[in-house]
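Q: Encoded as structure tokens, here's the structure I'll be asking about.
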Amino acid sequence: MLPITIALLTLASQQPPTPTFHAHIQDREYVEVRYQGKEKQNAVGRFMTAYDISDPKKREETYKPYLHIIDPETGQAITKGAGGEFTHHRGIFIGWNKLTVNGKTYDRWHMTGGEQVVKEATANHSLSSLGQSAYILAPKIVWTGTTRDEILIEESRTMHFIPAPTGAFVQVDFTSALKAVGGDTVFDGDPEHAGLHFRPTDATDRANTVYLYPKADANAHKDRDYPWVGMTYTAEGNKYSIVMLSHPENPTGTAWSAYRNYGRFGAFYKTTIKKEETLKIQARFVVYKGELPSPETIQMLWNSYAKKRETLVASTRKAAEQPAPKK
């Protein structure tokens, strides 16, 4: 196991007397954000930082970092970890299956022949204009090439937990700054296997997944540049809804994979940057227990996040695509 530096930082000068959020660090395993409930601290997010390549099984379990979302009422993760259907799908995660550096292509979605390794992780909580909030910071995540000494990307990842809007129990801003240290880099692939995605637990009832799009007669297979997408799914008798708000500064021409019945959905950002340049990907995830709010409310959430004043003209709600019956 390679060493990882993990520290807890507190902004003492800004710390409120009774913080809404607390950060807890389990050395080399995860950084957890807990919400201060009426009687106890309840976990709402857990950033998985472990990295162990001592054997193939442990490598599979730890070859990429990801963010679990946790139901504070049950204490259970509502997102998927390693194993199960499509082991590489995990919580809120980022990757591209066709990452081309200096003309050579690497798969940093399925993690074939390389890893995303957290070298450092910190956490803090503070009081700002947004209210009481908490940060999980991973200032250095290295994306390795065919050897572990070959570094393709140096990533800085921030997960900012801020007070959730009415009806939601989690709101987190995800920011990834990806520096092309290995050479000129093409971020490519396809909507199913590239970009920033959310994957619910493997216990999801695939017959009850529903998507919401900000467009009339939406077709996620063909449409581009949705500002947001919502999804509702049921797992172990509980219904959850997720809104992913894409920041307007993300690359344009973005395709969305938002139709699978098992609930993995997200945005495929495709672009090219020069060596030493940085690609910045930003999105806000808002998580509800129960149904989604109205499309108009979601549009207001996006306007607030994007600092825009756009009007929602129409929306489309669709049941997830179900697999064809086996013959």
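Labels used: A, B, ... for chains in the order of the structure tokens, numbers from 1 for residues in each chain, and numbers from 1 for ligands as shown.
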Residues near range 300-310 of chain A, anyone? I mean within 7 Å using only C-alpha atoms, not counting same-chain ones fewer than 5 positions away, as a PyMOL selection string.
A: chain A and resi 245+247-248
Q: Name all residues at most 10 Å from Thr20 in chain A (count only C-alpha atoms; drop same-chain ones fewer than 5 positions away) and give them as JSON, numbers by chain.
A: {"A": [34, 35, 36, 37, 41, 125, 126, 127, 131, 132, 133, 134, 162, 163]}
Q: Within 8 Å of Ile69 in chain A, counting only C-alpha atoms, which residues qualify if same-chain residues fewer than 5 places away don't, as a list in words?
A: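 In the requested format, the answer is Val44, Gly45, Arg46, Ala77, Ile78, Thr79 and Gly91 of chain A.
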Q: Could you check the closest approach to Asn102 in chain A for each of A:Thr185, A:Gln282, A:Asn208, A:Thr201 and tell me which residue wins, using only C-alpha atoms?
A: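 Counting only C-alpha atoms, the residue closest to Asn102 in chain A is A:Thr185.
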Q: Find the residue from A:Tyr240, A:Tyr135, A:Tyr106, A:Phe21 that sits nearest to Glu291 in chain A; use only C-alpha atoms when measuring.
A: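 Checking each candidate against Glu291 in chain A, we get A:Tyr240 as the closest.
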Q: DSSP on the backbone: which residues in range 111-283 of chain A end up as strand (DSSP E)? Give the answer as a PyMOL selection string.
A: chain A and resi 116-128+131-144+151-161+168-179+185-188+194-198+210-213+228-235+238-246+255-257+265-268+271-273+278-283
Q: If you count only C-alpha atoms, which residues fall within 12 Å of Lys222 in chain A, apart from same-chain ones fewer than 6 positions away, as a list in words?
A: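 The contact residues come out as Pro191, Gly253, Thr254, Ala255, Trp256, Ser257, Ala258 and Tyr259 of chain A.
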Q: I'd like the contact shell of Pro295 in chain A - 10 Å cut-off, only C-alpha atoms, skipping same-chain residues fewer than 6 positions apart - returned as a list in words.
A: Leu212, Tyr213, Pro214, Val229, Gly230, Leu301, Leu312, Val313, Ala314, Ser315, Thr316 and Arg317 of chain A
Q: Between CA of Phe198 in chain A and CA of Gly237 in chain A, what distance in Å does the model show, to one decimal?
A: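 Rounded to one decimal, the two atoms are 19.9 Å apart.
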Q: State, in Å with one decimal place, the distance from CA of Gln171 in chain A to CA of Thr158 in chain A.
A: 13.4 Å
Q: Mind giving me the straight-line distance from CA of Glu321 in chain A to CA of Arg260 in chain A in Å, one decimal?
A: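 Separation between CA of Glu321 in chain A and CA of Arg260 in chain A: 5.8 Å.
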Q: Give me the residues within 8 Å of Val243 in chain A as number ranges by chain, counting only C-alpha atoms and dropping any in the same chain fewer than 3 places off.
A: A: 228-231, 284-287, 292, 298
Q: Using only C-alpha atoms, determine which residues lie at most 8 Å from range 178-182 of chain A, disregarding the query and same-chain residues fewer than 4 positions distant; provide the list as a compact mmCIF listing (two decimals) with all heavy atoms, in the first residue's frame.
A:
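For reference, result01.txt as written:
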# COMPACT_ATOMS: atom_id res chain seq x y z
N VAL A 101 -3.02 10.59 -24.54
CA VAL A 101 -1.92 11.46 -24.14
C VAL A 101 -0.75 11.23 -25.09
O VAL A 101 -0.28 10.09 -25.22
CB VAL A 101 -1.50 11.17 -22.68
CG1 VAL A 101 -0.35 12.10 -22.27
CG2 VAL A 101 -2.69 11.33 -21.74
N ASN A 102 -0.36 12.30 -25.77
CA ASN A 102 0.73 12.19 -26.76
C ASN A 102 0.48 11.08 -27.77
O ASN A 102 1.40 10.33 -28.15
CB ASN A 102 2.08 11.97 -26.06
CG ASN A 102 2.57 13.23 -25.37
OD1 ASN A 102 2.24 14.35 -25.76
ND2 ASN A 102 3.36 13.05 -24.32
N GLU A 150 4.59 6.54 -14.51
CA GLU A 150 4.14 7.40 -15.60
C GLU A 150 2.87 8.12 -15.17
O GLU A 150 1.84 7.50 -14.91
CB GLU A 150 3.86 6.56 -16.86
CG GLU A 150 3.37 7.37 -18.04
CD GLU A 150 2.92 6.50 -19.21
OE1 GLU A 150 2.79 5.27 -19.02
OE2 GLU A 150 2.69 7.05 -20.29
N ILE A 151 2.93 9.43 -15.08
CA ILE A 151 1.79 10.22 -14.63
C ILE A 151 1.17 10.93 -15.83
O ILE A 151 1.84 11.72 -16.51
CB ILE A 151 2.19 11.26 -13.56
CG1 ILE A 151 2.95 10.57 -12.42
CG2 ILE A 151 0.95 11.98 -13.04
CD1 ILE A 151 2.19 9.47 -11.73
N LEU A 152 -0.09 10.64 -16.09
CA LEU A 152 -0.81 11.25 -17.19
C LEU A 152 -1.46 12.56 -16.77
O LEU A 152 -1.38 13.57 -17.47
CB LEU A 152 -1.88 10.29 -17.73
CG LEU A 152 -1.44 8.88 -18.09
CD1 LEU A 152 -2.66 8.04 -18.47
CD2 LEU A 152 -0.42 8.90 -19.22
N ILE A 153 -2.15 12.50 -15.64
CA ILE A 153 -2.95 13.61 -15.14
C ILE A 153 -2.64 13.81 -13.66
O ILE A 153 -2.52 12.85 -12.90
CB ILE A 153 -4.47 13.32 -15.28
CG1 ILE A 153 -4.86 13.12 -16.76
CG2 ILE A 153 -5.31 14.42 -14.63
CD1 ILE A 153 -4.82 14.38 -17.59
N GLU A 154 -2.55 15.07 -13.26
CA GLU A 154 -2.56 15.41 -11.85
C GLU A 154 -3.86 16.15 -11.58
O GLU A 154 -4.11 17.22 -12.14
CB GLU A 154 -1.36 16.26 -11.46
CG GLU A 154 -0.06 15.48 -11.37
CD GLU A 154 1.08 16.29 -10.79
OE1 GLU A 154 0.87 17.49 -10.51
OE2 GLU A 154 2.18 15.73 -10.63
N GLU A 155 -4.70 15.55 -10.75
CA GLU A 155 -6.02 16.09 -10.48
C GLU A 155 -6.11 16.67 -9.07
O GLU A 155 -5.57 16.11 -8.12
CB GLU A 155 -7.08 14.99 -10.62
CG GLU A 155 -8.50 15.46 -10.31
CD GLU A 155 -9.49 14.32 -10.13
OE1 GLU A 155 -9.08 13.15 -10.21
OE2 GLU A 155 -10.67 14.62 -9.90
N SER A 156 -6.81 17.79 -8.97
CA SER A 156 -7.19 18.34 -7.68
C SER A 156 -8.71 18.28 -7.59
O SER A 156 -9.40 18.83 -8.45
CB SER A 156 -6.71 19.78 -7.53
OG SER A 156 -7.18 20.35 -6.32
N ILE A 273 -6.80 19.45 -24.40
CA ILE A 273 -5.98 20.49 -23.81
C ILE A 273 -4.50 20.20 -24.08
O ILE A 273 -4.11 19.05 -24.32
CB ILE A 273 -6.22 20.64 -22.29
CG1 ILE A 273 -5.90 19.34 -21.56
CG2 ILE A 273 -7.64 21.09 -22.02
CD1 ILE A 273 -6.01 19.47 -20.03
N LYS A 274 -3.70 21.25 -24.04
CA LYS A 274 -2.27 21.12 -24.25
C LYS A 274 -1.58 20.68 -22.96
O LYS A 274 -2.14 20.80 -21.86
CB LYS A 274 -1.67 22.45 -24.71
CG LYS A 274 -2.21 22.95 -26.05
CD LYS A 274 -1.77 22.06 -27.19
CE LYS A 274 -2.18 22.64 -28.53
NZ LYS A 274 -1.77 21.77 -29.66
N LYS A 275 -0.34 20.23 -23.09
CA LYS A 275 0.45 19.84 -21.93
C LYS A 275 0.56 21.01 -20.97
O LYS A 275 0.75 22.16 -21.37
CB LYS A 275 1.84 19.39 -22.35
CG LYS A 275 2.70 18.89 -21.17
CD LYS A 275 4.04 18.38 -21.62
CE LYS A 275 4.84 17.88 -20.42
NZ LYS A 275 6.18 17.36 -20.82
N GLU A 276 0.38 20.71 -19.69
CA GLU A 276 0.42 21.66 -18.58
C GLU A 276 -0.83 22.52 -18.47
O GLU A 276 -0.96 23.31 -17.54
CB GLU A 276 1.68 22.54 -18.62
CG GLU A 276 2.98 21.77 -18.57
CD GLU A 276 3.12 20.93 -17.30
OE1 GLU A 276 2.71 21.39 -16.23
OE2 GLU A 276 3.64 19.79 -17.40
N GLU A 277 -1.76 22.39 -19.41
CA GLU A 277 -3.04 23.07 -19.26
C GLU A 277 -3.94 22.27 -18.33
O GLU A 277 -3.70 21.08 -18.06
CB GLU A 277 -3.72 23.28 -20.61
CG GLU A 277 -3.03 24.29 -21.50
CD GLU A 277 -3.77 24.52 -22.81
OE1 GLU A 277 -4.67 23.72 -23.14
OE2 GLU A 277 -3.44 25.50 -23.50
N THR A 278 -5.02 22.90 -17.84
CA THR A 278 -5.91 22.27 -16.88
C THR A 278 -7.35 22.32 -17.38
O THR A 278 -7.83 23.38 -17.78
CB THR A 278 -5.81 22.95 -15.51
OG1 THR A 278 -4.47 22.81 -15.01
CG2 THR A 278 -6.78 22.33 -14.51
N LEU A 279 -8.01 21.18 -17.34
CA LEU A 279 -9.44 21.08 -17.61
C LEU A 279 -10.17 21.12 -16.29
O LEU A 279 -9.88 20.33 -15.38
CB LEU A 279 -9.75 19.78 -18.35
CG LEU A 279 -11.24 19.41 -18.47
CD1 LEU A 279 -12.00 20.43 -19.32
CD2 LEU A 279 -11.40 18.00 -19.05
N LYS A 280 -11.16 22.00 -16.18
CA LYS A 280 -11.94 22.11 -14.95
C LYS A 280 -13.37 21.64 -15.20
O LYS A 280 -14.04 22.16 -16.09
CB LYS A 280 -11.94 23.56 -14.45
CG LYS A 280 -12.54 23.75 -13.07
CD LYS A 280 -12.38 25.20 -12.62
CE LYS A 280 -12.89 25.42 -11.21
NZ LYS A 280 -12.72 26.85 -10.79
Q: Nearest to Asp188 in chain A among A:Ala164, A:Ile70, A:Leu99, A:Ala82, with distances taken over only C-alpha atoms: which residue is it?
A: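 The answer is A:Leu99, which sits nearest to Asp188 in chain A.
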Q: Compare A:Ser246, A:Thr100, A:Asn42, A:Thr311 by their minimum atom-to-atom distance to Gly75 in chain A, counting only C-alpha atoms, and give me the closest one.
A: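 So, comparing all the options, the nearest one is A:Asn42.
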Q: Identify which of the residues A:Tyr51, A:Pro200, A:Pro323, A:Glu296 lies closest to Arg90 in chain A, counting only C-alpha atoms when measuring atom-to-atom distances.
A: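 Looking at the shortest contact to Arg90 in chain A, the residue is A:Pro200.
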Q: Restricting the calculation to only C-alpha atoms: of A:Ala218, A:Phe47, A:Tyr269, A:Thr232, which residue gets closest to Val186 in chain A?
A: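 Closest residue, counting only C-alpha atoms: A:Tyr269.
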Q: Based on DSSP run over this structure's backbone, return all residues of range 56-287 of chain A in alpha helix (DSSP H), as a compact mmCIF listing (two decimals) with all heavy atoms, in the first residue's frame.
A:
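Below is the file that was written, selection-v2.txt:
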# COMPACT_ATOMS: atom_id res chain seq x y z
N PRO A 56 -4.77 -8.60 -6.87
CA PRO A 56 -5.76 -8.13 -7.84
C PRO A 56 -7.09 -7.71 -7.23
O PRO A 56 -7.70 -6.75 -7.68
CB PRO A 56 -5.93 -9.33 -8.78
CG PRO A 56 -4.63 -10.06 -8.69
CD PRO A 56 -4.19 -9.91 -7.28
N LYS A 57 -7.56 -8.44 -6.21
CA LYS A 57 -8.84 -8.12 -5.61
C LYS A 57 -8.79 -6.75 -4.92
O LYS A 57 -9.69 -5.92 -5.08
CB LYS A 57 -9.25 -9.19 -4.61
CG LYS A 57 -10.63 -8.96 -3.99
CD LYS A 57 -11.01 -10.09 -3.06
CE LYS A 57 -12.44 -9.91 -2.54
NZ LYS A 57 -12.61 -8.68 -1.76
N LYS A 58 -7.72 -6.51 -4.15
CA LYS A 58 -7.60 -5.23 -3.46
C LYS A 58 -7.40 -4.10 -4.46
O LYS A 58 -7.90 -2.99 -4.25
CB LYS A 58 -6.45 -5.29 -2.46
CG LYS A 58 -6.76 -6.19 -1.26
CD LYS A 58 -5.60 -6.21 -0.28
CE LYS A 58 -5.95 -7.09 0.92
NZ LYS A 58 -4.82 -7.19 1.88
N ARG A 59 -6.68 -4.37 -5.55
CA ARG A 59 -6.51 -3.34 -6.56
C ARG A 59 -7.86 -2.95 -7.15
O ARG A 59 -8.17 -1.77 -7.29
CB ARG A 59 -5.59 -3.81 -7.69
CG ARG A 59 -5.46 -2.77 -8.79
CD ARG A 59 -4.77 -3.29 -10.05
NE ARG A 59 -4.82 -2.25 -11.07
CZ ARG A 59 -5.82 -2.07 -11.94
NH1 ARG A 59 -6.86 -2.89 -11.91
NH2 ARG A 59 -5.78 -1.09 -12.81
N GLU A 60 -8.69 -3.95 -7.48
CA GLU A 60 -10.01 -3.65 -8.04
C GLU A 60 -10.85 -2.81 -7.07
O GLU A 60 -11.56 -1.90 -7.48
CB GLU A 60 -10.76 -4.94 -8.36
CG GLU A 60 -12.16 -4.70 -8.92
CD GLU A 60 -12.96 -5.98 -9.04
OE1 GLU A 60 -12.47 -6.94 -9.65
OE2 GLU A 60 -14.09 -6.02 -8.50
N GLU A 61 -10.73 -3.09 -5.80
CA GLU A 61 -11.52 -2.38 -4.80
C GLU A 61 -11.07 -0.93 -4.62
O GLU A 61 -11.85 -0.08 -4.19
CB GLU A 61 -11.45 -3.11 -3.46
CG GLU A 61 -12.15 -4.47 -3.45
CD GLU A 61 -11.91 -5.22 -2.15
OE1 GLU A 61 -11.06 -4.77 -1.35
OE2 GLU A 61 -12.58 -6.25 -1.93
N THR A 62 -9.80 -0.65 -4.97
CA THR A 62 -9.22 0.66 -4.61
C THR A 62 -8.57 1.39 -5.77
O THR A 62 -7.80 2.32 -5.56
CB THR A 62 -8.18 0.48 -3.48
OG1 THR A 62 -7.08 -0.32 -3.96
CG2 THR A 62 -8.79 -0.19 -2.26
